[in-house]
Structure formats: structure tokens, C-alpha cells
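Novice: Dropping in entry-v1.txt, with compact mmCIF, C-alpha atoms.
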```txt
# COMPACT_ATOMS: atom_id res chain seq x y z
CA MET A 23 0.00 0.00 0.00
CA ASN A 24 1.37 3.41 -0.97
CA ILE A 25 1.73 5.54 2.18
CA PHE A 26 1.91 8.72 0.10
CA VAL A 27 -1.63 9.37 -0.97
CA GLU A 28 -1.69 11.45 -4.15
CA TYR A 29 -3.45 14.65 -3.16
CA SER A 30 -4.80 17.08 -5.72
CA ASP A 31 -3.16 20.52 -5.89
CA SER A 32 -6.16 22.22 -4.30
CA GLU A 33 -6.16 19.69 -1.44
CA LEU A 34 -2.46 20.32 -0.89
CA LEU A 35 -3.02 24.06 -0.88
CA ALA A 36 -5.85 23.71 1.66
CA LEU A 37 -3.57 21.62 3.89
CA PHE A 38 -0.78 24.17 3.49
CA ARG A 39 -3.02 27.04 4.58
CA ASP A 40 -3.75 25.24 7.85
CA GLU A 41 -0.92 26.01 10.29
CA GLN A 42 -1.19 22.53 11.84
CA SER A 43 -0.65 20.65 8.57
CA ARG A 44 1.59 23.19 6.77
CA ASN A 45 4.89 21.32 7.09
CA ASN A 46 3.33 18.02 6.11
CA ALA A 47 1.57 19.62 3.12
CA PHE A 48 4.82 21.17 1.92
CA ASN A 49 6.58 17.85 2.26
CA LEU A 50 3.89 16.29 0.05
CA ILE A 51 4.25 19.10 -2.51
CA ILE A 52 8.00 18.49 -2.68
CA ARG A 53 7.46 14.75 -3.12
CA LYS A 54 4.88 15.34 -5.83
CA TYR A 55 6.88 17.83 -7.90
CA GLN A 56 10.56 17.32 -7.07
CA GLU A 57 11.33 15.04 -10.02
CA ARG A 58 9.56 17.09 -12.66
CA LEU A 59 11.18 20.31 -11.45
CA TYR A 60 14.58 18.65 -11.09
CA TRP A 61 14.62 17.40 -14.69
CA HIS A 62 13.36 20.73 -15.97
CA ILE A 63 16.19 22.59 -14.19
CA ARG A 64 18.76 19.93 -15.03
CA LYS A 65 18.13 20.33 -18.77
CA LEU A 66 18.86 24.05 -18.41
CA VAL A 67 21.89 24.05 -16.09
CA ILE A 68 23.17 20.55 -17.11
CA ASN A 69 25.33 19.85 -14.03
CA HIS A 70 23.79 17.81 -11.17
CA ASP A 71 25.28 19.81 -8.27
CA ASP A 72 24.17 23.10 -9.78
CA THR A 73 20.71 21.65 -10.38
CA ASP A 74 20.55 20.54 -6.75
CA ASP A 75 21.38 24.08 -5.53
CA VAL A 76 18.91 25.70 -7.90
CA LEU A 77 16.13 23.26 -7.01
CA GLN A 78 16.60 23.76 -3.26
CA ASN A 79 16.54 27.53 -3.70
CA ALA A 80 13.43 27.20 -5.84
CA PHE A 81 11.65 25.17 -3.14
CA ILE A 82 12.62 27.70 -0.47
CA LYS A 83 11.10 30.45 -2.66
CA ILE A 84 8.04 28.28 -3.13
CA TRP A 85 7.74 27.87 0.66
CA ASN A 86 8.08 31.62 1.17
CA GLY A 87 5.56 32.50 -1.54
CA LEU A 88 3.00 29.73 -1.26
CA GLY A 89 1.05 31.52 1.48
CA ASN A 90 0.28 34.31 -1.00
CA PHE A 91 -0.47 32.00 -3.95
CA ARG A 92 -3.91 32.59 -5.43
CA GLU A 93 -5.61 29.71 -7.13
CA GLU A 94 -6.29 31.79 -10.23
CA ALA A 95 -3.23 30.03 -11.69
CA GLN A 96 -2.46 26.33 -11.53
CA LEU A 97 -0.05 25.31 -8.80
CA TYR A 98 2.15 23.31 -11.13
CA THR A 99 2.63 26.14 -13.66
CA TRP A 100 3.49 28.48 -10.78
CA LEU A 101 6.07 25.95 -9.54
CA TYR A 102 7.55 25.66 -13.02
CA ARG A 103 7.73 29.45 -13.30
CA ILE A 104 9.73 29.73 -10.07
CA ALA A 105 12.03 26.85 -11.08
CA THR A 106 12.60 28.40 -14.54
CA ASN A 107 13.37 31.84 -13.09
CA GLU A 108 15.81 30.33 -10.59
CA ALA A 109 17.58 28.38 -13.32
CA LEU A 110 17.88 31.41 -15.64
CA THR A 111 19.07 33.63 -12.77
CA PHE A 112 21.67 30.98 -11.93
CA LEU A 113 22.93 30.84 -15.55
CA ASN A 114 23.19 34.64 -15.73
CA SER A 115 25.09 34.77 -12.44
CA LYS A 116 27.53 32.14 -13.74
CA LYS A 117 28.07 34.18 -16.87
CA LYS A 118 28.85 37.27 -14.77
CA ARG A 119 31.11 35.34 -12.39
CA PHE A 120 33.28 33.94 -15.17
CA LEU A 121 33.05 37.15 -17.23
CA LEU A 122 31.99 35.07 -20.22
CA PRO A 123 29.40 35.66 -22.90
CA LEU A 124 26.50 33.26 -22.19
CA ALA A 125 27.15 31.37 -25.44
CA ASP A 126 30.70 30.58 -24.26
CA TYR A 127 29.43 29.33 -20.90
CA GLU A 128 26.89 27.10 -22.63
CA ASN A 129 29.59 25.83 -24.97
CA LYS A 130 31.56 24.91 -21.84
CA LEU A 131 28.50 23.05 -20.50
CA ALA A 132 28.12 21.17 -23.79
CA ASN A 133 31.74 20.04 -23.65
CA SER A 134 31.34 18.89 -20.03
CA LEU A 135 28.58 16.42 -20.94
CA GLU A 136 30.89 13.61 -22.05
CA ALA A 137 32.81 13.67 -18.78
CA ASP A 138 29.69 13.98 -16.59
CA GLU A 139 29.27 10.84 -14.45
CA TYR A 140 25.54 11.57 -14.23
CA PHE A 141 25.00 11.69 -17.99
CA ASP A 142 24.02 8.45 -19.67
CA GLY A 143 23.30 9.49 -23.26
CA ASP A 144 24.68 7.96 -26.43
CA GLU A 145 26.40 9.94 -29.17
CA MET A 146 23.10 11.14 -30.62
CA GLN A 147 21.86 12.28 -27.21
CA ILE A 148 25.06 14.24 -26.64
CA LYS A 149 24.63 15.80 -30.07
CA LEU A 150 21.03 16.73 -29.31
CA GLN A 151 21.98 18.34 -25.98
CA LYS A 152 24.75 20.31 -27.68
CA ALA A 153 22.25 21.49 -30.29
CA ILE A 154 19.79 22.59 -27.60
CA LEU A 155 22.58 24.48 -25.83
CA THR A 156 23.10 26.62 -28.95
CA LEU A 157 19.58 28.07 -28.60
CA PRO A 158 18.91 31.42 -26.89
CA GLN A 159 17.98 30.87 -23.23
CA LYS A 160 14.22 31.45 -23.49
CA GLN A 161 13.97 29.36 -26.64
CA ARG A 162 15.72 26.53 -24.80
CA VAL A 163 13.08 26.70 -22.10
CA VAL A 164 10.29 26.61 -24.70
CA PHE A 165 11.89 23.71 -26.53
CA ASN A 166 12.50 21.66 -23.36
CA LEU A 167 8.98 22.20 -22.00
CA LYS A 168 7.38 21.20 -25.28
CA TYR A 169 9.70 18.47 -26.52
CA PHE A 170 10.65 16.66 -23.27
CA ASP A 171 7.86 17.59 -20.84
CA GLU A 172 5.15 17.67 -23.54
CA MET A 173 3.54 20.61 -21.78
CA LYS A 174 0.45 22.20 -23.36
CA TYR A 175 1.03 25.61 -24.95
CA GLU A 176 -1.65 27.10 -22.65
CA ASP A 177 0.27 25.93 -19.58
CA MET A 178 3.56 27.09 -21.08
CA ALA A 179 1.97 30.50 -21.59
CA GLU A 180 1.27 30.61 -17.84
CA VAL A 181 4.80 29.51 -16.97
CA LEU A 182 6.54 31.95 -19.30
CA GLN A 183 3.90 34.72 -19.24
CA THR A 184 3.86 34.75 -23.04
CA SER A 185 1.15 34.29 -25.64
CA VAL A 186 0.45 30.85 -27.11
CA GLY A 187 1.17 32.17 -30.62
CA ALA A 188 4.62 33.45 -29.63
CA LEU A 189 5.39 30.10 -28.01
CA LYS A 190 4.37 28.12 -31.09
CA ALA A 191 6.56 30.30 -33.27
CA SER A 192 9.47 30.02 -30.83
CA TYR A 193 9.21 26.23 -30.70
CA HIS A 194 9.02 26.00 -34.47
CA HIS A 195 12.21 28.08 -34.86
CA ALA A 196 13.94 26.05 -32.16
CA VAL A 197 13.19 22.77 -33.95
CA LYS A 198 14.51 24.16 -37.24
CA LYS A 199 17.77 25.33 -35.61
CA ILE A 200 18.28 22.00 -33.86
CA GLU A 201 17.69 19.97 -36.99
CA LYS A 202 20.10 22.19 -38.86
CA PHE A 203 22.73 21.73 -36.15
CA LEU A 204 22.27 17.96 -36.15
CA GLU A 205 22.69 17.86 -39.92
CA THR A 206 25.77 20.04 -40.24
CA ASP A 207 27.76 19.10 -37.09
CA MET B 3 18.12 16.62 -42.89
CA THR B 4 18.18 14.78 -39.49
CA LYS B 5 14.66 14.93 -38.13
CA LEU B 6 14.02 15.19 -34.43
CA ASN B 7 11.44 12.45 -34.83
CA ASN B 8 14.21 10.05 -35.76
CA ILE B 9 15.97 10.51 -32.43
CA GLU B 10 14.78 8.41 -29.51
CA LYS B 11 13.16 10.73 -27.00
CA LYS B 12 14.68 9.86 -23.62
CA ASN B 13 16.11 11.53 -20.57
CA PRO B 14 19.90 11.06 -20.76
CA PHE B 15 20.58 12.54 -17.31
CA LYS B 16 20.96 10.59 -14.06
CA VAL B 17 20.97 11.41 -10.37
CA PRO B 18 22.96 9.85 -7.49
CA GLY B 19 21.21 6.97 -5.72
CA ASN B 20 18.57 7.96 -3.11
CA TYR B 21 18.70 11.58 -4.30
CA PHE B 22 14.92 12.01 -4.56
CA LYS B 23 14.38 10.04 -1.34
CA GLU B 24 16.59 12.38 0.68
CA LEU B 25 15.75 15.66 -1.03
CA PRO B 26 12.51 16.47 0.89
CA SER B 27 14.22 16.26 4.30
CA ARG B 28 17.21 18.32 3.05
CA ILE B 29 14.84 21.03 1.85
CA GLN B 30 12.86 20.94 5.12
CA ASP B 31 16.16 21.31 7.05
CA LYS B 32 17.07 24.34 4.95
CA ILE B 33 13.67 25.89 5.59
CA THR B 34 14.07 25.33 9.36
CA GLU B 35 17.52 26.99 9.17
CA GLN B 36 16.01 29.87 7.25
CA LYS B 37 13.23 30.26 9.85
CA LEU B 38 15.79 30.41 12.66
CA SER B 39 18.03 32.91 10.87
CA SER B 40 15.04 35.02 9.80
CA SER B 41 13.78 35.23 13.39
CA LYS B 42 17.28 36.40 14.42
CA ASN B 43 17.26 38.91 11.55
CA ARG B 44 13.80 40.11 12.59
CA ILE B 45 15.12 40.90 16.07
CA THR B 46 18.17 42.65 14.58
CA HIS B 47 15.98 44.64 12.19
CA PHE B 48 13.65 45.55 15.04
CA LEU B 49 16.58 46.80 17.10
CA MET B 50 17.98 48.71 14.10
CA ARG B 51 14.76 50.70 13.59
CA PRO B 52 15.43 54.41 14.33
CA GLN B 53 12.62 54.68 16.92
CA VAL B 54 13.82 51.58 18.78
CA ALA B 55 17.47 52.66 18.58
CA ALA B 56 16.50 56.13 19.94
CA ALA B 57 14.49 54.56 22.78
CA ILE B 58 17.38 52.27 23.71
CA THR B 59 19.81 55.21 23.63
CA ILE B 60 17.52 57.23 25.91
CA VAL B 61 17.24 54.34 28.36
CA ILE B 62 21.02 53.81 28.39
CA VAL B 63 21.75 57.56 28.84
CA SER B 64 19.12 57.74 31.63
CA LEU B 65 20.68 54.76 33.38
CA VAL B 66 24.16 56.29 33.12
CA ILE B 67 22.92 59.66 34.46
CA PHE B 68 20.98 57.93 37.26
CA ARG B 69 24.02 55.89 38.17
CA ILE B 70 26.34 58.92 38.20
CA PHE B 71 23.81 60.91 40.28
CA HIS B 72 23.18 58.02 42.62
CA HIS B 73 26.90 57.42 42.99
CA HIS B 74 27.49 61.13 43.74
CA ASN B 75 24.72 61.18 46.40
CA GLN B 76 25.97 57.96 47.82
CA GLY B 77 29.46 59.51 48.01
CA ILE B 78 28.15 62.48 49.95
CA ALA B 79 26.18 60.22 52.29
CA GLU B 80 29.20 58.02 52.84
CA GLN B 81 31.39 61.05 53.51
CA GLN B 82 28.88 62.33 56.08
CA LEU B 83 28.70 58.92 57.68
CA THR B 84 32.48 58.74 57.88
CA GLU B 85 32.63 62.19 59.50
CA ASN B 86 29.95 61.15 61.97
CA ILE B 87 31.84 58.02 62.81
CA ILE B 88 35.04 60.01 63.28
CA ILE B 89 33.22 62.46 65.58
CA GLU B 90 31.57 59.60 67.43
CA ASN B 91 34.88 57.85 67.78
CA TYR B 92 36.48 61.06 68.91
CA ILE B 93 33.73 61.55 71.49
CA ASP B 94 33.97 57.97 72.54
CA GLU B 95 37.72 58.11 73.03
CA ASN B 96 37.49 61.28 75.10
CA THR B 97 34.62 59.89 77.09
CA ILE B 98 36.45 56.70 77.72
CA VAL B 99 39.61 58.50 78.71
CA ASN B 100 37.63 60.72 81.05
CA VAL B 101 35.69 57.85 82.53
CA MET B 102 38.85 55.85 82.94
CA ALA B 103 40.58 58.79 84.54
CA GLU B 104 37.65 59.26 86.93
CA ASP B 105 37.45 55.58 87.72
CA THR B 106 41.18 54.98 88.22
CA LEU B 107 42.07 58.08 90.23
CA PRO B 108 41.18 56.67 93.70
CA TYR B 109 43.17 53.49 92.94
CA VAL B 110 46.10 55.09 91.22
CA VAL B 111 46.73 57.60 93.91
CA PRO B 112 45.61 56.15 97.20
CA VAL B 113 45.59 58.77 99.92
CA ILE B 114 46.81 57.64 103.26
CA GLU B 115 46.39 60.29 105.79
CA LYS B 116 49.00 60.36 108.44
CA ASP B 117 47.72 60.17 112.06
CA SER B 118 49.72 62.84 113.81
CA THR B 119 48.89 61.46 117.23
CA ILE B 120 50.95 58.29 116.74
CA SER B 121 54.69 58.64 117.00
CA GLU B 122 57.34 56.85 114.88
CA GLU B 123 58.49 54.80 117.82
CA GLU B 124 54.95 53.62 118.52
CA LEU B 125 54.55 52.49 114.95
CA ASP B 126 57.86 50.61 114.97
CA TYR B 127 56.88 48.95 118.20
CA ALA B 128 53.48 47.91 116.81
CA ALA B 129 55.12 46.51 113.68
CA ASN B 130 57.61 44.45 115.63
CA ASN B 131 55.09 43.14 118.13
CA ILE B 132 52.11 42.03 116.11
CA ASP B 133 49.69 39.80 118.01
CA TYR B 134 48.74 37.45 115.17
CA GLU B 135 46.10 35.54 117.11
CA THR B 136 44.20 38.75 117.96
CA LEU B 137 44.57 39.96 114.34
CA ILE B 138 43.20 36.76 112.86
CA ALA B 139 40.36 36.72 115.36
CA GLU B 140 39.46 40.29 114.36
CA LEU B 141 39.46 39.41 110.64
```
Can you give me the file's structure in the form of C-alpha cells?
Specialist:
Amino acid sequence: MNIFVEYSDSELLALFRDEQSRNNAFNLIIRKYQERLYWHIRKLVINHDDTDDVLQNAFIKIWNGLGNFREEAQLYTWLYRIATNEALTFLNSKKKRFLLPLADYENKLANSLEADEYFDGDEMQIKLQKAILTLPQKQRVVFNLKYFDEMKYEDMAEVLQTSVGALKASYHHAVKKIEKFLETD
Amino acid sequence: MTKLNNIEKKNPFKVPGNYFKELPSRIQDKITEQKLSSSKNRITHFLMRPQVAAAITIVIVSLVIFRIFHHHNQGIAEQQLTENIIIENYIDENTIVNVMAEDTLPYVVPVIEKDSTISEEELDYAANNIDYETLIAEL
């Protein structure tokens, strides 16, 4: 018997609002979303240790902000938005710390893949990740959410605060660039 | 052209063993740490507020002034007490000396009045011929 009953988001939020069950509710939220958010961040920052830091910071922000969360938006898109912002802030801070253009930092990440003990992809997977890392930051987020997470455009619009039309166009351009990279490299 | 559809869609990344099992408790620990440090910060921020800082300064200055004033008054009181003690001691010494002088005078200088009716020879005779039995009987 599974001891972790799968609560709906609104049930979790109701539990979180009650002072008595707040800690337990947050623990359940972490358990429910940790993997999805981890993989989303990991595909952006690539390295496991960096992902771990970013994810923990994201959950602390979620804890601090969840009391003010209004159910006008879906909980999971709000969680993705915080995780995405944390990951992009992290990448920008890395760029500033190493005084590198972002493209150079992402090139460094691409080259680190082969030596990464927590990367298990074949040659084609490495090539695909390198292709994704050539995309502009926001386009990478769009591509990852659509291609890997298979998120609906409507939900992506909530996460990225962009129109569905702009997202469709962005994804289309991203696919073209990636296919071109895969062909020429 | 290589199509994305031709590539197997899979997650090529891995995590260390037990990572997702341990993550919730690590995050909860961090949140507890944050709560503790934020309560400390709240106290520090409260103390750093201008009104609070001014109130604390006023209390400290008042205490210092009170202490100086109290110390000064206490000094005067102690000085007066010391003077009183000195005077009392002085009086006591004089009184004692006087009392002692009064008390000791009769013993220090015993006055033996000479009986002019008894001659030197009579005294010598009496001294050389003491009747001890009569003397003891009289005592």
C-alpha cells in the first residue's frame, strides 16, 4: 500500500493554509513535484550539483511565496515558473562570475557532458543536448517544455507569461535550428 | 536533414542513488535553518529601527545619568557617615579617657592620711610586736 496518498493541488493548498498541517503539506508538494522540477532545471543548467542548488533555492522560494499563492493560476505552472526563473538567474550569475558571454558558458556546458558521471546518453543524445545548448535561453526553455515535458502551450503561456502564438513560433524556430545543427555538425 | 522524430526521446541525465528520497528532508532542514536565521534577523531589524534605537539610547543615557547621580549622592552620604563616625569615635575616646581617669584616680593615687597622734616609735613597736592571734580573730 502506498503511504503517500496522491493529493490534488487544491487539497495540498488547503492543507498548506492550515498552520497545523503546513509542514506536512509542503513535504507532500515536494514529493509530488521534485522530479519534474529537477529534470526541468537539469536540462537548463546541465550539471547535477548546480541543479541541486537551484532546485533547493526554488523550493525555499516556493515555501516563502505559497502563502500568497492565489488559485487563479495552476499550482504546477506556478512551480515551473519559479524553477525556470531560478535556473535562468543561476545561468546569468555564472556568466557574470566567469566574465563570459553566455554562449561561451553554454559551450563549456556542452563540452562537459561527455565527462559527466551523471550523464548516460549515447552519441546522438550528446549531439542533441549540444544542439539545444546553442539556442537562446528562453527558446531553450520553450523547446525543453514542449519536446521533453510535452507541456500544453496554454500551460507554457502561464509559466513563461507569453502568448500561445509566440510560443508556437518560438518552438518552431527552435526545432529548425536544432535539426540544422544535427545535420551540419 | 536529421529529423528530431528520428531521435529516440529519452532523458539522458541521471541522479545519485537515493537523491529524490533524501531531497525532501534536506529542503525541510534548509527551511528550518532559514526560519531560525530570519527570526534572528527580525530581532536585529527591530533593534535597528530608528525609533527603537532612539528609545534604547535614551534608556542607556538615563541609566548612566541615574548611576552617576546616585553614585554622587551615595558619596556624599558616605562622607557624612564617615565624619559622623570620626566624631563619634572622637567623642567615645574622650569619654572613655575621662571615665577611665575618673574611675582609676582613687586606685592610682591612694591617699593615706598620716595620724599625727601616733609617734614613729609607737609604729615601729606595733610593727615588731604584732599579736597574730588577735589579728586573725578580728578578721
Novice: One decimal, Å: what's the distance from atom CA of Trp61 of chain A over to atom CA of Asn107 of chain A, could you say?
Specialist: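 Atom CA of Asn107 of chain A lies at a distance of 14.6 Å from atom CA of Trp61 of chain A.
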Novice: Interatomic distance between atom CA of Val61 of chain B and atom CA of Ser39 of chain B?
Specialist: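 Rounded to one decimal, the two atoms are 27.7 Å apart.
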Novice: Could the residues of chain A within 9 Å of chain B, counting only C-alpha atoms, be given as a PyMOL selection string, please?
Specialist: chain A and resi 45+48-50+52-53+56-57+61+64-65+68+70+74+78-79+81-82+85+139-144+146-148+150+169-170+197+200-206
Novice: Tell me which of A:Glu128, A:Asn86, A:Glu94, A:Ala153 sits closest to Ser40 of chain B, counting all atoms listed in the file.
Specialist: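 Selected residue with least distance to Ser40 of chain B: A:Asn86.
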Novice: One decimal, in Å: what's the spacing between atom CA of Gln183 of chain A and atom CA of Arg39 of chain A?
Specialist: 26.0 Å
Novice: Under the rule that only C-alpha atoms are counted, which of A:Lys152, A:Val76, A:Trp100, A:Arg92 is the nearest residue to Ser115 of chain A?
Specialist: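 For Ser115 of chain A, the nearest of the candidates is A:Val76.
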Novice: Check the smallest atom-to-atom distance from each of A:Lys149, A:Leu155, A:Asn90, A:Thr106 to Tyr127 of chain A using all atoms listed in the file, then report the winner.
Specialist: A:Leu155
Novice: Measuring atom to atom with only C-alpha atoms, identify which of A:Ala109, A:Leu182, A:Ala196, A:Ala188 is nearest to Thr73 of chain A.
Specialist: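 Of all the options, A:Ala109 lies closest to Thr73 of chain A.
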Novice: As JSON, what would the box around segment 52-64 of chain B look like: edges along x, y and z, 3 Å added on every side, centre and edge lengths in Å to one decimal?
Specialist:
```
{"center_x": 17.2, "center_y": 54.7, "center_z": 23.0, "size_x": 15.1, "size_y": 12.2, "size_z": 23.3}
```
Novice: Which one is closest to Leu37 of chain A: A:Ile154, A:Ile51, A:Ala80, A:Leu167? Count all atoms listed in the file.
Specialist: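 For Leu37 of chain A, the nearest of the given residues is A:Ile51.
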Novice: Select, from A:Thr111, A:Ile104, A:Ala95, A:Thr156, the residue with the minimum atom-to-atom distance to Glu176 of chain A, counting all atoms listed in the file.
Specialist: A:Ala95
Novice: Atoms are missing here; could segment 70-81 of chain B be completed with all heavy atoms and written as a PDB file, in the frame of the given file?
Specialist:
```
ATOM      1  N   ILE B  70      25.372  57.889  37.793  1.00  0.00           N
ATOM      2  CA  ILE B  70      26.340  58.920  38.200  1.00  0.00           C
ATOM      3  C   ILE B  70      25.764  59.712  39.384  1.00  0.00           C
ATOM      4  O   ILE B  70      26.425  59.942  40.399  1.00  0.00           O
ATOM      5  CB  ILE B  70      26.662  59.861  37.008  1.00  0.00           C
ATOM      6  CG1 ILE B  70      27.482  59.093  35.956  1.00  0.00           C
ATOM      7  CG2 ILE B  70      27.407  61.100  37.463  1.00  0.00           C
ATOM      8  CD1 ILE B  70      27.605  59.808  34.627  1.00  0.00           C
ATOM      9  N   PHE B  71      24.497  60.112  39.251  1.00  0.00           N
ATOM     10  CA  PHE B  71      23.810  60.910  40.280  1.00  0.00           C
ATOM     11  C   PHE B  71      23.744  60.131  41.596  1.00  0.00           C
ATOM     12  O   PHE B  71      24.051  60.635  42.659  1.00  0.00           O
ATOM     13  CB  PHE B  71      22.406  61.231  39.768  1.00  0.00           C
ATOM     14  CG  PHE B  71      21.973  62.604  40.125  1.00  0.00           C
ATOM     15  CD1 PHE B  71      22.619  63.719  39.582  1.00  0.00           C
ATOM     16  CD2 PHE B  71      20.916  62.801  41.011  1.00  0.00           C
ATOM     17  CE1 PHE B  71      22.209  64.980  39.915  1.00  0.00           C
ATOM     18  CE2 PHE B  71      20.514  64.068  41.341  1.00  0.00           C
ATOM     19  CZ  PHE B  71      21.150  65.170  40.799  1.00  0.00           C
ATOM     20  N   HIS B  72      23.336  58.890  41.448  1.00  0.00           N
ATOM     21  CA  HIS B  72      23.180  58.020  42.620  1.00  0.00           C
ATOM     22  C   HIS B  72      24.522  57.830  43.312  1.00  0.00           C
ATOM     23  O   HIS B  72      24.635  57.917  44.527  1.00  0.00           O
ATOM     24  CB  HIS B  72      22.627  56.667  42.135  1.00  0.00           C
ATOM     25  CG  HIS B  72      22.387  55.679  43.228  1.00  0.00           C
ATOM     26  ND1 HIS B  72      21.398  55.854  44.170  1.00  0.00           N
ATOM     27  CD2 HIS B  72      23.023  54.537  43.554  1.00  0.00           C
ATOM     28  CE1 HIS B  72      21.433  54.852  45.023  1.00  0.00           C
ATOM     29  NE2 HIS B  72      22.415  54.032  44.664  1.00  0.00           N
ATOM     30  N   HIS B  73      25.561  57.632  42.480  1.00  0.00           N
ATOM     31  CA  HIS B  73      26.900  57.420  42.990  1.00  0.00           C
ATOM     32  C   HIS B  73      27.376  58.658  43.741  1.00  0.00           C
ATOM     33  O   HIS B  73      27.943  58.581  44.831  1.00  0.00           O
ATOM     34  CB  HIS B  73      27.830  57.108  41.810  1.00  0.00           C
ATOM     35  CG  HIS B  73      29.184  56.641  42.243  1.00  0.00           C
ATOM     36  ND1 HIS B  73      29.383  55.424  42.838  1.00  0.00           N
ATOM     37  CD2 HIS B  73      30.407  57.235  42.185  1.00  0.00           C
ATOM     38  CE1 HIS B  73      30.663  55.288  43.120  1.00  0.00           C
ATOM     39  NE2 HIS B  73      31.297  56.380  42.736  1.00  0.00           N
ATOM     40  N   HIS B  74      27.085  59.859  43.140  1.00  0.00           N
ATOM     41  CA  HIS B  74      27.490  61.130  43.740  1.00  0.00           C
ATOM     42  C   HIS B  74      26.815  61.292  45.110  1.00  0.00           C
ATOM     43  O   HIS B  74      27.470  61.586  46.112  1.00  0.00           O
ATOM     44  CB  HIS B  74      27.086  62.267  42.789  1.00  0.00           C
ATOM     45  CG  HIS B  74      27.433  63.624  43.309  1.00  0.00           C
ATOM     46  ND1 HIS B  74      28.746  64.049  43.420  1.00  0.00           N
ATOM     47  CD2 HIS B  74      26.660  64.619  43.764  1.00  0.00           C
ATOM     48  CE1 HIS B  74      28.754  65.283  43.916  1.00  0.00           C
ATOM     49  NE2 HIS B  74      27.492  65.653  44.136  1.00  0.00           N
ATOM     50  N   ASN B  75      25.481  61.059  45.149  1.00  0.00           N
ATOM     51  CA  ASN B  75      24.720  61.180  46.400  1.00  0.00           C
ATOM     52  C   ASN B  75      25.215  60.194  47.438  1.00  0.00           C
ATOM     53  O   ASN B  75      25.347  60.522  48.608  1.00  0.00           O
ATOM     54  CB  ASN B  75      23.234  60.945  46.151  1.00  0.00           C
ATOM     55  CG  ASN B  75      22.618  62.128  45.442  1.00  0.00           C
ATOM     56  OD1 ASN B  75      23.225  63.193  45.380  1.00  0.00           O
ATOM     57  ND2 ASN B  75      21.441  61.937  44.899  1.00  0.00           N
ATOM     58  N   GLN B  76      25.486  59.009  46.935  1.00  0.00           N
ATOM     59  CA  GLN B  76      25.970  57.960  47.820  1.00  0.00           C
ATOM     60  C   GLN B  76      27.321  58.374  48.413  1.00  0.00           C
ATOM     61  O   GLN B  76      27.589  58.174  49.600  1.00  0.00           O
ATOM     62  CB  GLN B  76      26.123  56.665  47.037  1.00  0.00           C
ATOM     63  CG  GLN B  76      26.066  55.435  47.899  1.00  0.00           C
ATOM     64  CD  GLN B  76      26.153  54.170  47.064  1.00  0.00           C
ATOM     65  OE1 GLN B  76      26.555  54.218  45.903  1.00  0.00           O
ATOM     66  NE2 GLN B  76      25.749  53.070  47.636  1.00  0.00           N
ATOM     67  N   GLY B  77      28.150  59.029  47.580  1.00  0.00           N
ATOM     68  CA  GLY B  77      29.460  59.510  48.010  1.00  0.00           C
ATOM     69  C   GLY B  77      29.325  60.521  49.133  1.00  0.00           C
ATOM     70  O   GLY B  77      30.015  60.445  50.153  1.00  0.00           O
ATOM     71  N   ILE B  78      28.375  61.455  48.926  1.00  0.00           N
ATOM     72  CA  ILE B  78      28.150  62.480  49.950  1.00  0.00           C
ATOM     73  C   ILE B  78      27.661  61.818  51.249  1.00  0.00           C
ATOM     74  O   ILE B  78      28.162  62.107  52.332  1.00  0.00           O
ATOM     75  CB  ILE B  78      27.114  63.519  49.453  1.00  0.00           C
ATOM     76  CG1 ILE B  78      27.753  64.348  48.327  1.00  0.00           C
ATOM     77  CG2 ILE B  78      26.650  64.427  50.588  1.00  0.00           C
ATOM     78  CD1 ILE B  78      26.781  65.213  47.571  1.00  0.00           C
ATOM     79  N   ALA B  79      26.731  60.912  51.118  1.00  0.00           N
ATOM     80  CA  ALA B  79      26.180  60.220  52.290  1.00  0.00           C
ATOM     81  C   ALA B  79      27.264  59.449  53.010  1.00  0.00           C
ATOM     82  O   ALA B  79      27.357  59.496  54.245  1.00  0.00           O
ATOM     83  CB  ALA B  79      25.075  59.280  51.839  1.00  0.00           C
ATOM     84  N   GLU B  80      28.120  58.794  52.227  1.00  0.00           N
ATOM     85  CA  GLU B  80      29.200  58.020  52.840  1.00  0.00           C
ATOM     86  C   GLU B  80      30.183  58.927  53.562  1.00  0.00           C
ATOM     87  O   GLU B  80      30.656  58.623  54.652  1.00  0.00           O
ATOM     88  CB  GLU B  80      29.930  57.220  51.762  1.00  0.00           C
ATOM     89  CG  GLU B  80      29.244  55.893  51.474  1.00  0.00           C
ATOM     90  CD  GLU B  80      29.849  55.157  50.295  1.00  0.00           C
ATOM     91  OE1 GLU B  80      30.913  55.587  49.798  1.00  0.00           O
ATOM     92  OE2 GLU B  80      29.232  54.165  49.859  1.00  0.00           O
ATOM     93  N   GLN B  81      30.446  60.095  52.914  1.00  0.00           N
ATOM     94  CA  GLN B  81      31.390  61.050  53.510  1.00  0.00           C
ATOM     95  C   GLN B  81      30.834  61.542  54.861  1.00  0.00           C
ATOM     96  O   GLN B  81      31.557  61.602  55.858  1.00  0.00           O
ATOM     97  CB  GLN B  81      31.573  62.220  52.550  1.00  0.00           C
ATOM     98  CG  GLN B  81      32.795  63.058  52.884  1.00  0.00           C
ATOM     99  CD  GLN B  81      32.934  64.234  51.940  1.00  0.00           C
ATOM    100  OE1 GLN B  81      32.291  64.269  50.898  1.00  0.00           O
ATOM    101  NE2 GLN B  81      33.751  65.193  52.309  1.00  0.00           N
TER     102      GLN B  81
END
```
